[in-house]
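Dumped coords10.cif below, it's mmCIF, C-alpha atoms:
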data_coords
#
loop_
_atom_site.label_atom_id
_atom_site.label_comp_id
_atom_site.auth_asym_id
_atom_site.auth_seq_id
_atom_site.Cartn_x
_atom_site.Cartn_y
_atom_site.Cartn_z
CA MET A 1 -16.52 72.71 69.11
CA VAL A 2 -14.74 70.38 66.69
CA MET A 3 -12.12 69.67 69.32
CA SER A 4 -14.70 68.50 71.86
CA LEU A 5 -16.34 66.09 69.39
CA SER A 6 -12.98 64.51 68.69
CA SER A 7 -12.10 64.17 72.35
CA ASP A 8 -15.61 62.79 73.09
CA SER A 9 -15.19 60.07 70.48
CA GLU A 10 -11.72 59.27 71.82
CA LEU A 11 -13.14 59.07 75.32
CA ASP A 12 -15.91 56.77 74.08
CA ASP A 13 -13.31 54.56 72.39
CA ILE A 14 -11.29 54.38 75.60
CA ARG A 15 -14.41 53.49 77.59
CA ARG A 16 -15.41 50.81 75.07
CA ARG A 17 -11.94 49.25 75.15
CA ARG A 18 -11.90 49.32 78.96
CA ILE A 19 -15.32 47.66 79.15
CA GLN A 20 -14.19 44.98 76.69
CA GLU A 21 -11.05 44.38 78.76
CA LEU A 22 -13.08 44.08 81.98
CA ARG A 23 -15.49 41.64 80.32
CA ARG A 24 -12.59 39.54 79.06
CA GLN A 25 -11.04 39.48 82.55
CA LEU A 26 -14.36 38.49 84.09
CA ALA A 27 -14.79 35.66 81.58
CA GLU A 28 -11.26 34.40 82.33
CA GLU A 29 -11.88 34.53 86.09
CA ARG A 30 -15.15 32.63 85.71
CA ALA A 31 -13.47 29.97 83.57
CA GLN A 32 -10.65 29.63 86.07
CA ALA A 33 -13.11 29.36 88.99
CA GLN A 34 -15.05 26.69 87.12
CA GLN A 35 -11.86 24.76 86.42
CA GLN A 36 -10.88 24.93 90.12
CA ALA A 37 -14.35 23.70 91.11
CA ASP A 38 -14.09 20.79 88.67
CA ILE A 39 -10.67 19.82 90.03
CA GLU A 40 -11.95 19.98 93.62
CA LYS A 41 -14.96 17.84 92.69
CA GLN A 42 -12.72 15.20 91.08
CA LYS A 43 -10.45 15.26 94.12
CA GLN A 44 -13.40 14.70 96.48
CA ILE A 45 -14.67 11.79 94.36
CA ALA A 46 -11.22 10.18 94.49
CA LEU A 47 -10.94 10.71 98.25
CA ARG A 48 -14.33 9.05 98.79
CA GLN A 49 -12.91 5.94 97.15
CA ILE A 50 -9.56 6.12 98.93
CA LEU A 51 -10.60 6.94 102.52
CA THR A 52 -13.15 5.51 104.91
CA THR A 53 -15.84 7.86 106.18
CA GLU A 54 -14.05 8.33 109.51
CA ALA A 55 -10.74 9.10 107.80
CA ARG A 56 -12.42 11.66 105.53
CA GLN A 57 -14.06 13.29 108.53
CA ARG A 58 -10.67 13.52 110.29
CA LEU A 59 -9.13 15.09 107.20
CA ASN A 60 -11.96 17.61 106.95
CA ARG A 61 -11.54 18.62 110.59
CA LEU A 62 -7.81 18.99 110.10
CA LYS A 63 -8.44 21.10 107.01
CA LEU A 64 -10.12 23.72 109.18
CA VAL A 65 -6.84 24.31 111.01
CA ARG A 66 -4.20 23.53 108.39
CA PRO A 67 -5.78 23.89 104.92
CA GLU A 68 -2.52 24.06 102.92
CA PHE A 69 -1.13 20.98 104.65
CA VAL A 70 -4.33 19.00 104.01
CA ASP A 71 -4.44 20.07 100.35
CA GLN A 72 -0.94 18.67 99.85
CA LEU A 73 -1.78 15.55 101.86
CA GLU A 74 -4.90 14.89 99.78
CA LEU A 75 -2.87 15.06 96.58
CA GLN A 76 -0.27 12.69 98.04
CA LEU A 77 -2.97 10.26 99.16
CA ILE A 78 -4.46 10.23 95.67
CA GLN A 79 -1.03 9.62 94.14
CA ILE A 80 -0.13 6.72 96.42
CA ALA A 81 -3.57 5.18 95.92
CA GLN A 82 -3.26 5.44 92.12
CA SER A 83 0.19 3.89 92.22
CA GLY A 84 -1.12 0.98 94.29
CA ARG A 85 1.33 1.47 97.15
CA VAL A 86 -1.36 1.23 99.82
CA LYS A 87 -4.29 -1.06 100.54
CA LEU A 88 -7.61 0.70 100.03
CA PRO A 89 -9.62 2.09 101.68
CA ILE A 90 -7.34 3.91 104.09
CA THR A 91 -8.83 3.69 107.56
CA ASP A 92 -8.86 6.37 110.23
CA GLU A 93 -6.17 4.48 112.15
CA GLN A 94 -3.91 4.34 109.10
CA LEU A 95 -4.47 8.04 108.49
CA LYS A 96 -3.62 8.85 112.11
CA GLU A 97 -0.41 6.85 111.79
CA LEU A 98 0.48 8.65 108.57
CA LEU A 99 -0.27 12.03 110.16
CA SER A 100 1.91 11.25 113.16
CA LYS A 101 4.79 10.44 110.80
CA LEU A 102 4.27 13.66 108.84
CA GLN A 103 3.80 15.90 111.86
CA THR A 104 6.73 18.20 112.43
CA PRO A 105 8.13 17.91 115.92
CA ARG A 106 7.56 20.99 118.03
CA ARG A 107 10.18 22.23 120.40
CA GLY A 108 9.27 23.67 123.76
CA VAL A 109 5.91 25.27 124.40
CA GLY A 110 3.95 26.39 121.34
CA GLY A 111 6.93 25.90 119.03
CA PHE A 112 9.22 28.11 121.11
CA ASN A 113 12.31 27.13 123.02
CA VAL A 114 12.10 28.30 126.62
CA ARG A 115 15.46 28.72 128.29
CA ARG A 116 15.65 29.71 131.92
CA PHE A 117 18.78 31.03 133.53
#
Could you write out this file's structure as structure tokens?
Amino acid sequence: MVMSLSSDSELDDIRRRRIQELRRQLAEERAQAQQQADIEKQKQIALRQILTTEARQRLNRLKLVRPEFVDQLELQLIQIAQSGRVKLPITDEQLKELLSKLQTPRRGVGGFNVRRF
């Protein structure tokens, strides 16, 4: 009987520590999610100042297909705007020109080389 009381209290201690650890992890994840949301909000505010409405719409459509590429492009646009290397706001035509320069050339059909013998 004494043995079971000891193991019960040990089990309770383990459960308590595990619950504390899970709560700590949850708090960290919430803080990190909030920080990401704040960063995204600041980025969107900056892009509203940098891009015309049409250019922002084009970027949002492109983000549906190539989200990682657009994330990097948005950061680059913010950097060049902050450094003063471009006249603001960036129009849709300027964005299209920039995108055509950044687009990787595709070979063949669908990025594949087709060789016929």
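Distances to A:Ala55 were evaluated for A:Gln36, A:Gln72, A:Thr91, A:Gln79 using only C-alpha atoms, and the minimum falls at A:Thr91.
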> In Å, how far is it from atom CA of A:Leu51 to atom CA of A:Gln34?
Replying inline: 25.4 Å
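Computed from the coordinates, the atom CA of A:Gln76 to atom CA of A:Ser100 distance equals 15.3 Å.
Atom to atom, atom CA of A:Leu59 and atom CA of A:Leu73 stand 9.1 Å apart.
The residues returned by the PyMOL selection byres ((chain A and resi 46) around 12) for this structure are A:Ile39, A:Glu40, A:Lys41, A:Gln42, A:Lys43, A:Gln44, A:Ile45, A:Leu47, A:Arg48, A:Gln49, A:Ile50, A:Leu51, A:Thr52, A:Arg56, A:Glu74, A:Leu75, A:Gln76, A:Leu77, A:Ile78, A:Gln79, A:Ile80, A:Ala81, A:Gln82, A:Leu88, A:Pro89.
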>> So, with only C-alpha atoms as the atoms that count, which of A:Asp13, A:Arg116, A:Glu93, A:Ser6 lies closest to A:Glu54?
In response: A:Glu93
> Could you name the residues that touch A:Val70 at 10 Å or less, counting all atoms listed in the file, but leaving out those on the same chain fewer than 6 positions away, as a PyMOL selection string?
Replying inline: chain A and resi 59-64+76
Selection from above, C-alpha atoms, as a PDB file, keeping the file's coordinate frame, can you write it?
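Result went into result-v7.pdb, see below:
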ATOM      1  CA  LEU A  59      -9.130  15.090 107.200  1.00  0.00           C
ATOM      2  CA  ASN A  60     -11.960  17.610 106.950  1.00  0.00           C
ATOM      3  CA  ARG A  61     -11.540  18.620 110.590  1.00  0.00           C
ATOM      4  CA  LEU A  62      -7.810  18.990 110.100  1.00  0.00           C
ATOM      5  CA  LYS A  63      -8.440  21.100 107.010  1.00  0.00           C
ATOM      6  CA  LEU A  64     -10.120  23.720 109.180  1.00  0.00           C
ATOM      7  CA  GLN A  76      -0.270  12.690  98.040  1.00  0.00           C
TER       8      GLN A  76
END
> Which one is closest to A:Leu99: A:Phe69, A:Arg115, A:Arg17, A:Gln25? Count only C-alpha atoms.
Replying inline: A:Phe69
Centre, x/y/z edge lengths, axis-aligned box for stretch 68-75 of chain A with 5 Å per side, as JSON:
{"center_x": -2.9, "center_y": 19.5, "center_z": 100.6, "size_x": 14.0, "size_y": 19.2, "size_z": 18.1}
Starting from the structure just given, write a file holding chain A with C-alpha atoms, as a compact mmCIF listing (two decimals), in the first residue's frame.
# COMPACT_ATOMS: atom_id res chain seq x y z
CA MET A 1 0.00 0.00 0.00
CA VAL A 2 2.83 2.41 0.81
CA MET A 3 4.42 1.65 -2.54
CA SER A 4 1.29 2.65 -4.47
CA LEU A 5 0.99 6.00 -2.64
CA SER A 6 4.56 6.82 -3.54
CA SER A 7 4.12 5.87 -7.18
CA ASP A 8 0.80 7.81 -7.31
CA SER A 9 2.50 10.97 -6.07
CA GLU A 10 5.34 10.47 -8.55
CA LEU A 11 2.81 10.00 -11.32
CA ASP A 12 1.01 13.17 -10.23
CA ASP A 13 4.32 15.05 -10.26
CA ILE A 14 5.07 13.80 -13.77
CA ARG A 15 1.60 14.83 -14.95
CA ARG A 16 1.95 18.27 -13.36
CA ARG A 17 5.34 18.84 -14.98
CA ARG A 18 4.01 17.67 -18.36
CA ILE A 19 1.01 20.00 -18.13
CA GLN A 20 3.31 22.91 -17.21
CA GLU A 21 5.55 22.08 -20.18
CA LEU A 22 2.58 21.95 -22.56
CA ARG A 23 1.28 25.28 -21.25
CA ARG A 24 4.70 26.86 -21.71
CA GLN A 25 4.90 25.53 -25.28
CA LEU A 26 1.42 26.83 -26.04
CA ALA A 27 2.30 30.28 -24.68
CA GLU A 28 5.48 30.35 -26.82
CA GLU A 29 3.55 29.31 -29.93
CA ARG A 30 0.92 31.99 -29.33
CA ALA A 31 3.60 34.64 -28.84
CA GLN A 32 5.37 33.54 -32.00
CA ALA A 33 2.10 33.56 -33.99
CA GLN A 34 1.34 37.06 -32.70
CA GLN A 35 4.81 38.25 -33.69
CA GLN A 36 4.37 36.79 -37.20
CA ALA A 37 0.99 38.50 -37.51
CA ASP A 38 2.50 41.83 -36.44
CA ILE A 39 5.31 41.49 -38.99
CA GLU A 40 2.82 40.63 -41.75
CA LYS A 41 0.67 43.62 -40.81
CA GLN A 42 3.68 45.97 -40.96
CA LYS A 43 4.69 44.48 -44.30
CA GLN A 44 1.20 45.06 -45.74
CA ILE A 45 1.19 48.67 -44.52
CA ALA A 46 4.55 49.27 -46.20
CA LEU A 47 3.40 47.63 -49.44
CA ARG A 48 0.31 49.86 -49.53
CA GLN A 49 2.63 52.85 -49.57
CA ILE A 50 5.07 51.34 -52.07
CA LEU A 51 2.72 49.81 -54.67
CA THR A 52 -0.29 51.08 -56.57
CA THR A 53 -3.56 49.21 -56.08
CA GLU A 54 -3.15 47.39 -59.40
CA ALA A 55 0.42 46.34 -58.56
CA ARG A 56 -0.69 45.04 -55.15
CA GLN A 57 -3.50 43.07 -56.78
CA ARG A 58 -1.03 41.51 -59.24
CA LEU A 59 1.29 40.57 -56.38
CA ASN A 60 -1.60 39.01 -54.45
CA ARG A 61 -2.64 36.93 -57.46
CA LEU A 62 0.93 35.79 -57.97
CA LYS A 63 1.16 34.89 -54.29
CA LEU A 64 -1.53 32.26 -54.81
CA VAL A 65 0.77 30.37 -57.18
CA ARG A 66 4.25 31.19 -55.88
CA PRO A 67 3.97 32.24 -52.22
CA GLU A 68 7.67 31.84 -51.32
CA PHE A 69 8.77 33.85 -54.35
CA VAL A 70 6.32 36.66 -53.55
CA ASP A 71 7.36 36.75 -49.88
CA GLN A 72 10.97 37.32 -50.94
CA LEU A 73 9.91 39.84 -53.59
CA GLU A 74 7.86 41.82 -51.07
CA LEU A 75 10.85 42.08 -48.75
CA GLN A 76 13.06 43.20 -51.64
CA LEU A 77 10.50 45.80 -52.72
CA ILE A 78 10.37 47.19 -49.19
CA GLN A 79 14.17 47.34 -49.04
CA ILE A 80 14.60 49.16 -52.35
CA ALA A 81 11.81 51.58 -51.45
CA GLN A 82 13.41 52.35 -48.07
CA SER A 83 16.78 52.89 -49.70
CA GLY A 84 15.23 55.32 -52.20
CA ARG A 85 16.41 53.43 -55.28
CA VAL A 86 13.01 53.57 -56.95
CA LYS A 87 10.36 56.21 -57.56
CA LEU A 88 7.23 55.55 -55.52
CA PRO A 89 4.60 54.30 -55.91
CA ILE A 90 5.59 51.35 -58.08
CA THR A 91 3.02 50.93 -60.82
CA ASP A 92 1.66 47.70 -62.24
CA GLU A 93 3.73 48.23 -65.39
CA GLN A 94 6.92 48.67 -63.37
CA LEU A 95 6.11 45.56 -61.36
CA LYS A 96 5.49 43.56 -64.55
CA GLU A 97 8.85 44.70 -65.89
CA LEU A 98 10.57 43.73 -62.65
CA LEU A 99 8.84 40.34 -62.65
CA SER A 100 9.90 39.66 -66.23
CA LYS A 101 13.51 40.37 -65.25
CA LEU A 102 13.28 38.08 -62.22
CA GLN A 103 11.47 35.26 -63.98
CA THR A 104 13.65 32.24 -64.52
CA PRO A 105 13.75 31.16 -68.13
CA ARG A 106 12.04 27.85 -68.76
CA ARG A 107 13.45 25.37 -71.19
CA GLY A 108 11.22 23.31 -73.41
CA VAL A 109 7.66 22.48 -72.44
CA GLY A 110 6.78 22.80 -68.76
CA GLY A 111 10.42 23.18 -67.73
CA PHE A 112 11.49 19.96 -69.46
CA ASN A 113 13.80 19.56 -72.40
CA VAL A 114 12.17 17.50 -75.13
CA ARG A 115 14.62 15.80 -77.44
CA ARG A 116 13.37 13.79 -80.38
CA PHE A 117 15.51 11.33 -82.25
